[in-house]
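Comments concern the structure below.
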Amino acid sequence: MFKIVKVRGVSMTPLYFPGEYLLCKKSKSIRSGDIVIAQTKTYGKILKRVRKVRDEDVLLEGLHPSSVTTEEIGPVKKDDILYRVIFPRREKSKERSSRQ
């Protein structure tokens, strides 16, 4: 299943900016470096990068200095990863330096 989501907040800048639309897909295959939407008890639905994949859960991180930390988010169960961003798929080396 596919879903289009609108970015809110700055936690993923300079990779994604508020107001951008992302095409996402449900996926059981999650790898470090993937950008995902996860459901958390504390923060609700969040857009973050997968920092580390473990047996039962994943650790997530934002990119912006004001983003909540990996420690604040805590481990997220793999079943709570709702979608993986598939477009636009930007690599860290190709982050935008300013909003277009």
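The way I read the labels, and the way they are meant: chains A, B, ... in the order of the structure tokens, residue 1 as the first residue of every chain, and ligand 1 as the first ligand shown, with later ones counted on from there.
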Spatial neighbours of Gly74 (chain A), 9 Å, only C-alpha atoms, chain gap at least 6 places, as a short mmCIF file (atom, residue, chain, number, x, y, z; two decimals) with C-alpha atoms, in the first residue's frame:
data_model
loop_
_atom_site.label_atom_id
_atom_site.label_comp_id
_atom_site.auth_asym_id
_atom_site.auth_seq_id
_atom_site.Cartn_x
_atom_site.Cartn_y
_atom_site.Cartn_z
CA VAL A 58 14.83 -0.08 15.62
CA LEU A 59 16.52 3.09 16.78
CA LEU A 60 15.48 6.28 14.98
#
Which residues are close to region 8-12 of chain A, i.e. within 12 Å by only C-alpha atoms, leaving aside same-chain residues fewer than 6 positions away? Reply as a count of residues only. 29
Per-residue DSSP, chain A, filtered to strand (DSSP E), as a short mmCIF file (atom, residue, chain, number, x, y, z; two decimals) with N, CA, C and O atoms, in the first residue's frame:
data_model
loop_
_atom_site.label_atom_id
_atom_site.label_comp_id
_atom_site.auth_asym_id
_atom_site.auth_seq_id
_atom_site.Cartn_x
_atom_site.Cartn_y
_atom_site.Cartn_z
N PHE A 2 0.50 2.23 -0.78
CA PHE A 2 1.22 3.48 -0.88
C PHE A 2 0.47 4.57 -0.14
O PHE A 2 -0.74 4.50 0.01
N LYS A 3 1.22 5.58 0.28
CA LYS A 3 0.61 6.72 0.96
C LYS A 3 1.44 7.96 0.65
O LYS A 3 2.67 7.90 0.57
N ILE A 4 0.77 9.08 0.47
CA ILE A 4 1.45 10.36 0.30
C ILE A 4 1.31 11.12 1.61
O ILE A 4 0.21 11.25 2.15
N VAL A 5 2.45 11.60 2.12
CA VAL A 5 2.42 12.36 3.38
C VAL A 5 3.10 13.70 3.16
O VAL A 5 3.98 13.85 2.31
N LYS A 6 2.67 14.67 3.95
CA LYS A 6 3.23 16.01 3.91
C LYS A 6 4.14 16.19 5.12
O LYS A 6 3.75 15.89 6.25
N TYR A 21 5.99 16.89 -0.06
CA TYR A 21 5.20 15.66 -0.08
C TYR A 21 6.12 14.48 -0.37
O TYR A 21 7.02 14.57 -1.21
N LEU A 22 5.88 13.40 0.34
CA LEU A 22 6.68 12.19 0.20
C LEU A 22 5.78 11.01 -0.17
O LEU A 22 4.68 10.87 0.36
N LEU A 23 6.27 10.17 -1.07
CA LEU A 23 5.57 8.94 -1.41
C LEU A 23 6.14 7.84 -0.53
O LEU A 23 7.35 7.63 -0.50
N CYS A 24 5.27 7.17 0.19
CA CYS A 24 5.70 6.13 1.14
C CYS A 24 5.03 4.81 0.80
O CYS A 24 3.99 4.78 0.14
N LYS A 25 5.64 3.75 1.29
CA LYS A 25 5.13 2.40 1.03
C LYS A 25 5.25 1.57 2.29
O LYS A 25 6.25 1.66 3.01
N ILE A 35 14.45 6.11 5.54
CA ILE A 35 13.61 7.14 6.14
C ILE A 35 12.23 6.52 6.30
O ILE A 35 11.67 5.98 5.34
N VAL A 36 11.69 6.59 7.52
CA VAL A 36 10.45 5.90 7.83
C VAL A 36 9.48 6.80 8.58
O VAL A 36 9.87 7.82 9.16
N ILE A 37 8.23 6.38 8.56
CA ILE A 37 7.21 6.97 9.43
C ILE A 37 6.88 5.91 10.45
O ILE A 37 6.55 4.77 10.10
N ALA A 38 7.02 6.29 11.72
CA ALA A 38 6.77 5.36 12.81
C ALA A 38 5.70 5.90 13.73
O ALA A 38 5.53 7.12 13.87
N GLN A 39 4.99 5.00 14.37
CA GLN A 39 4.00 5.36 15.38
C GLN A 39 4.65 5.19 16.75
O GLN A 39 5.11 4.10 17.07
N THR A 40 4.69 6.27 17.54
CA THR A 40 5.26 6.19 18.88
C THR A 40 4.23 6.61 19.90
O THR A 40 3.32 7.39 19.60
N GLY A 44 3.58 10.32 18.79
CA GLY A 44 2.64 10.05 17.71
C GLY A 44 3.38 9.58 16.47
O GLY A 44 4.39 8.90 16.56
N LYS A 45 2.89 9.99 15.30
CA LYS A 45 3.55 9.60 14.05
C LYS A 45 4.73 10.54 13.81
O LYS A 45 4.57 11.77 13.85
N ILE A 46 5.89 9.94 13.54
CA ILE A 46 7.10 10.74 13.31
C ILE A 46 7.82 10.26 12.07
O ILE A 46 7.77 9.08 11.71
N LEU A 47 8.48 11.20 11.41
CA LEU A 47 9.31 10.93 10.25
C LEU A 47 10.76 10.99 10.71
O LEU A 47 11.22 12.03 11.19
N LYS A 48 11.47 9.87 10.59
CA LYS A 48 12.86 9.80 11.07
C LYS A 48 13.68 8.86 10.20
O LYS A 48 13.15 8.06 9.44
N ARG A 49 14.99 8.94 10.38
CA ARG A 49 15.91 8.01 9.71
C ARG A 49 16.20 6.85 10.66
O ARG A 49 16.37 7.05 11.86
N VAL A 50 16.29 5.65 10.10
CA VAL A 50 16.63 4.47 10.89
C VAL A 50 18.13 4.53 11.18
O VAL A 50 18.95 4.51 10.27
N ARG A 51 18.45 4.59 12.45
CA ARG A 51 19.85 4.64 12.88
C ARG A 51 20.43 3.23 13.00
O ARG A 51 21.57 2.98 12.61
N LYS A 52 19.62 2.33 13.57
CA LYS A 52 20.09 0.96 13.79
C LYS A 52 18.90 0.02 13.82
O LYS A 52 17.87 0.32 14.41
N VAL A 53 19.07 -1.13 13.19
CA VAL A 53 18.04 -2.18 13.21
C VAL A 53 18.53 -3.28 14.13
O VAL A 53 19.65 -3.77 14.00
N ASP A 57 13.47 -4.43 17.42
CA ASP A 57 13.14 -3.02 17.32
C ASP A 57 14.17 -2.26 16.50
O ASP A 57 15.14 -2.83 16.02
N VAL A 58 13.92 -0.96 16.33
CA VAL A 58 14.83 -0.08 15.62
C VAL A 58 15.08 1.16 16.45
O VAL A 58 14.27 1.54 17.30
N LEU A 59 16.21 1.80 16.19
CA LEU A 59 16.52 3.09 16.78
C LEU A 59 16.41 4.12 15.67
O LEU A 59 16.91 3.91 14.56
N LEU A 60 15.74 5.24 15.97
CA LEU A 60 15.48 6.28 14.98
C LEU A 60 16.21 7.55 15.35
O LEU A 60 16.50 7.80 16.53
N GLU A 61 16.46 8.40 14.34
CA GLU A 61 17.10 9.68 14.59
C GLU A 61 16.57 10.74 13.64
O GLU A 61 16.19 10.44 12.51
N VAL A 76 11.89 1.56 19.01
CA VAL A 76 10.57 1.49 18.37
C VAL A 76 10.43 0.07 17.81
O VAL A 76 11.30 -0.40 17.08
N LYS A 77 9.34 -0.58 18.16
CA LYS A 77 9.10 -1.94 17.66
C LYS A 77 8.99 -1.91 16.13
O LYS A 77 8.43 -0.98 15.56
N ILE A 81 6.69 0.55 12.68
CA ILE A 81 7.14 1.26 11.47
C ILE A 81 6.01 1.15 10.47
O ILE A 81 5.69 0.06 9.98
N LEU A 82 5.37 2.27 10.18
CA LEU A 82 4.18 2.27 9.33
C LEU A 82 4.53 2.30 7.84
O LEU A 82 3.90 1.61 7.04
N TYR A 83 5.49 3.13 7.46
CA TYR A 83 5.83 3.31 6.04
C TYR A 83 7.32 3.61 5.90
O TYR A 83 7.96 4.11 6.82
N ARG A 84 7.83 3.33 4.71
CA ARG A 84 9.20 3.70 4.32
C ARG A 84 9.08 4.68 3.17
O ARG A 84 8.31 4.47 2.23
N VAL A 85 9.84 5.79 3.22
CA VAL A 85 9.82 6.78 2.14
C VAL A 85 10.50 6.19 0.91
O VAL A 85 11.62 5.68 1.00
N ILE A 86 9.81 6.26 -0.22
CA ILE A 86 10.40 5.75 -1.46
C ILE A 86 10.65 6.85 -2.49
O ILE A 86 11.42 6.65 -3.41
N PHE A 87 9.99 8.03 -2.32
CA PHE A 87 10.24 9.14 -3.24
C PHE A 87 9.86 10.45 -2.57
O PHE A 87 8.81 10.52 -1.96
#
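Within chain A, DSSP applied to the backbone places the following residues in alpha helix (DSSP H): Thr70, Glu71, Glu72 and Ile73 of chain A.
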Go ahead and dump the residues you just picked, N, CA and C atoms, as a compact mmCIF listing (two decimals), in the first residue's frame.
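So the final result, stored in again-v1.txt, reads:
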# COMPACT_ATOMS: atom_id res chain seq x y z
N THR A 70 17.65 10.22 19.70
CA THR A 70 17.38 8.78 19.65
C THR A 70 17.01 8.28 21.04
N GLU A 71 17.69 8.76 22.05
CA GLU A 71 17.42 8.34 23.43
C GLU A 71 16.05 8.79 23.89
N GLU A 72 15.62 9.99 23.49
CA GLU A 72 14.29 10.47 23.87
C GLU A 72 13.19 9.65 23.19
N ILE A 73 13.40 9.29 21.95
CA ILE A 73 12.41 8.47 21.23
C ILE A 73 12.37 7.07 21.83
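CA of Arg54 (chain A) to CA of Lys78 (chain A) spans 9.0 Å [interatomic distance, one decimal].
When CA of Pro14 (chain A) is paired with CA of Gly33 (chain A), their separation reads 15.0 Å.
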